[in-house]
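Written below as structure tokens is the structure these notes are about.
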Amino acid sequence: RRYFSQTDPGGKGGGTMKNALTVARKDLGSMFNSPIFYAITTVFLGLYSFIFFNILNFFSFQSLQAGQFSRMGISLNINEMVIEPSFHNMAVILLLMIPIITMRSFAEEKKNKTFTLLLSSPIHLKEIILGKFIACMTVVTTMILISSYSMGFLLFLGDPETGPILTGYMGILLMAGCYVAIGIFSSSLTDNQIIAAVISFGLTLFMWTIGWASQAVGAEAGGVLQNLSLIDHLEHFLKGIIDSSDLVYYLSFMIFGLFLTHRVLDSYRWR
């Protein structure tokens with residue numbers, strides 16, 4: 001693959017984004033023209049839809065007993081019983097799917113012997129990395145947008161709060177960006193796509209579960225572990241709250257992941 005056309009050798013100002021978008025278009029063309037995207041999207045939608053309708057079915061069953069619950073002073077909340085669990089499950093499914101999307105980012109370039117060509121192209125390395133990040137995020141965002149039929153179904157039939165739905169999608173996209181950053185970093189470490197996917201899944205799962213160890217350590221260390229956990233920062237978004245600390249965490253996580261990718265790939269210039 002060649003990236004020499006439609007690029008700005010200076011890489012300054014708008015040229016940086018233009019070059020990154022050129023890389024992204026090339027990668028998106030490759031993804032959308034391969035069966036991988038359609039297979040991943042089908043599996044993602046199948047799993048998410050199955051879980052969503054099971055959650056909705058359970059909520060419907062509970063609603064039939066609403067009279068008994070109301071006498072006990074208990075009210076049913078569709079946001080808490082359907083929407084929040086659906087977003088949680090979507091985050092888990094994306095944890096499984098995104099490593100397959102990102103595994104080819106740089107591993108494929110190395111396997112096809114085009115990585116050296118990339119390094120010698122007039123596009124800066126940071127623009128290449130940004131372009132591949134944009135391409136992967138575009139694929140993931142497309143999958144999430146297609147799955148939004150579920151929330152449209154709830155809005156059509158019920159009366160959920162729209163605020164937590166919007167912030168929930170915002171949180172999911174930010175978390176997905178962290179998954180993608182980890183995946184691209186993992187792909188930069190090897191020329192084997194399967195190994196890249198395994199490393200990505202392992203690192204993402206570790207950052208997901210790191211907060212679980214908070215109870216086994218002291219209060220201060222436990223607080224640090226919880227603040228490092230990917231899932232803990234999603235909770236506010238699912239409640240309809242946009243906390244600046246959560247935004248800073250997710251954005252910093254993505255930037256750090258892309259920075260590590262840059263350092264790994266830049267080291268190839270000296271080999």
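For the structure tokens, the naming scheme is as follows: chains receive sequential letters (A, B, ...) according to their order of presentation, residues are indexed from 1 within each chain, and ligands are indexed from 1 in presentation order.
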
Tell me which protein, DNA and RNA residues are within 12 Å of Leu228 (chain A), counting only C-alpha atoms, leaving out same-chain ones fewer than 4 positions away, and put them as a list in words. Thr204, Phe206, Met207, Trp208, Thr209, Ile210, Gly211, Trp212, Ala213, Ser214, Ala221, Gly222, Gly223, Val224, Asp232, His233, Leu234, Ser245, Asp246, Val248, Tyr249, Tyr250, Ser252 and Phe253 of chain A

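Distance-wise, CA of Phe50 (chain A) and CA of Asn79 (chain A) end up 18.3 Å apart.
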
Quick one: contact table of region 8-63 of chain A to region 150-153 of chain A, 12 Å max, nearest atom pair and distance in Å to one decimal per residue, counting only C-alpha atoms, chain and number order, as JSON lines?
{"residue": "A:Leu45", "atom": "CA", "partner": "A:Ser150", "partner_atom": "CA", "distance": 10.4}
{"residue": "A:Tyr48", "atom": "CA", "partner": "A:Ser150", "partner_atom": "CA", "distance": 9.4}
{"residue": "A:Ser49", "atom": "CA", "partner": "A:Ser150", "partner_atom": "CA", "distance": 7.8}
{"residue": "A:Phe50", "atom": "CA", "partner": "A:Ser150", "partner_atom": "CA", "distance": 11.0}
{"residue": "A:Ile51", "atom": "CA", "partner": "A:Ser150", "partner_atom": "CA", "distance": 11.0}
{"residue": "A:Phe52", "atom": "CA", "partner": "A:Ser150", "partner_atom": "CA", "distance": 7.6}
{"residue": "A:Phe53", "atom": "CA", "partner": "A:Ser150", "partner_atom": "CA", "distance": 8.7}
{"residue": "A:Ile55", "atom": "CA", "partner": "A:Ser150", "partner_atom": "CA", "distance": 11.4}
{"residue": "A:Leu56", "atom": "CA", "partner": "A:Ser150", "partner_atom": "CA", "distance": 10.0}

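Shell of Glu127 (chain A) at 7 Å, with only C-alpha atoms counted and residues fewer than 2 places along the chain excluded, is Thr16, Asn19, Ala20, Ile123, His124, Leu125, Ile129, Leu130 and Gly131 of chain A.
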
Considering only C-alpha atoms, return as a VMD selection string whatever protein or nucleic-acid residues lie within 6 Å of region 162-165 of chain A, sequence-local ones (same chain, fewer than 4 positions apart) excluded. chain A and resid 238 to 240

Output as JSON, numbers by chain all residues of region 110-192 of chain A that backbone DSSP marks as helix (DSSP H, G or I). {"A": [110, 111, 115, 116, 117, 118, 119, 120, 125, 126, 127, 128, 129, 130, 131, 132, 133, 134, 135, 136, 137, 138, 139, 140, 141, 142, 143, 144, 145, 146, 147, 149, 150, 151, 152, 153, 154, 155, 156, 157, 162, 163, 164, 165, 166, 167, 168, 169, 170, 171, 172, 173, 174, 175, 176, 177, 178, 179, 180, 181, 182, 183, 184, 185, 186, 187, 188]}

Asn54 (chain A) surroundings by only C-alpha atoms, 12 Å radius, close-in-sequence under 4 positions cut, as a list in words: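 Listing them by chain and then by number gives Leu47, Tyr48, Ser49, Phe50, Phe58, Phe59, Ser60, Phe61, Met81, Val82, Pro85, Ser86 and Asn89 of chain A.
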
Using only C-alpha atoms, pick whichever of A:Thr41, A:Ile172, A:Thr138, A:Asp243 has the shortest atom-to-atom distance to Ala24 (chain A). A:Thr138

With a distance cut-off of 8 Å and only C-alpha atoms, select the neighbouring residues of Thr102 (chain A), excluding the residue or stretch itself and same-chain residues fewer than 3 positions from it, and output the selection as number ranges by chain. A: 98-99, 105, 136, 180, 183-184, 187, 197

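For the choices A:Ile231, A:Met103, A:Leu155, A:Ala196, the atom-to-atom distance to Ile36 (chain A) is smallest for A:Met103 when using only C-alpha atoms.
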
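CA of Ser34 (chain A) lies 29.0 Å from CA of Gly15 (chain A).
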
Which of these residues is nearest to Ile101 (chain A), using only C-alpha atoms: A:Asp27, A:Glu220, A:Glu235, A:Asp266?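 That would be A:Asp27, the residue with the smallest distance to Ile101 (chain A).
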
Calculated over only C-alpha atoms, which of the candidates A:Leu265, A:Leu94, A:Ile128, A:Ile134 has the smallest distance to Leu28 (chain A)?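 When distances to Leu28 (chain A) are compared using only C-alpha atoms, the smallest one comes from A:Ile134.
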
For the atom pair CA of Asp191 (chain A) and CA of Thr114 (chain A), what is the interatomic distance in Å to one decimal place? 11.3 Å

Measuring between only C-alpha atoms, which one of A:Lys18, A:Phe87, A:Gly29, A:Leu76 shows the shortest distance to Thr167 (chain A)?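 Nearest to Thr167 (chain A): A:Phe87.
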
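If you count only C-alpha atoms and ignore residues fewer than 5 places along the chain from Ile182 (chain A), what sits within 8 Å of it is A:Ser200, A:Leu203, A:Thr204, A:Met254, A:Gly257.
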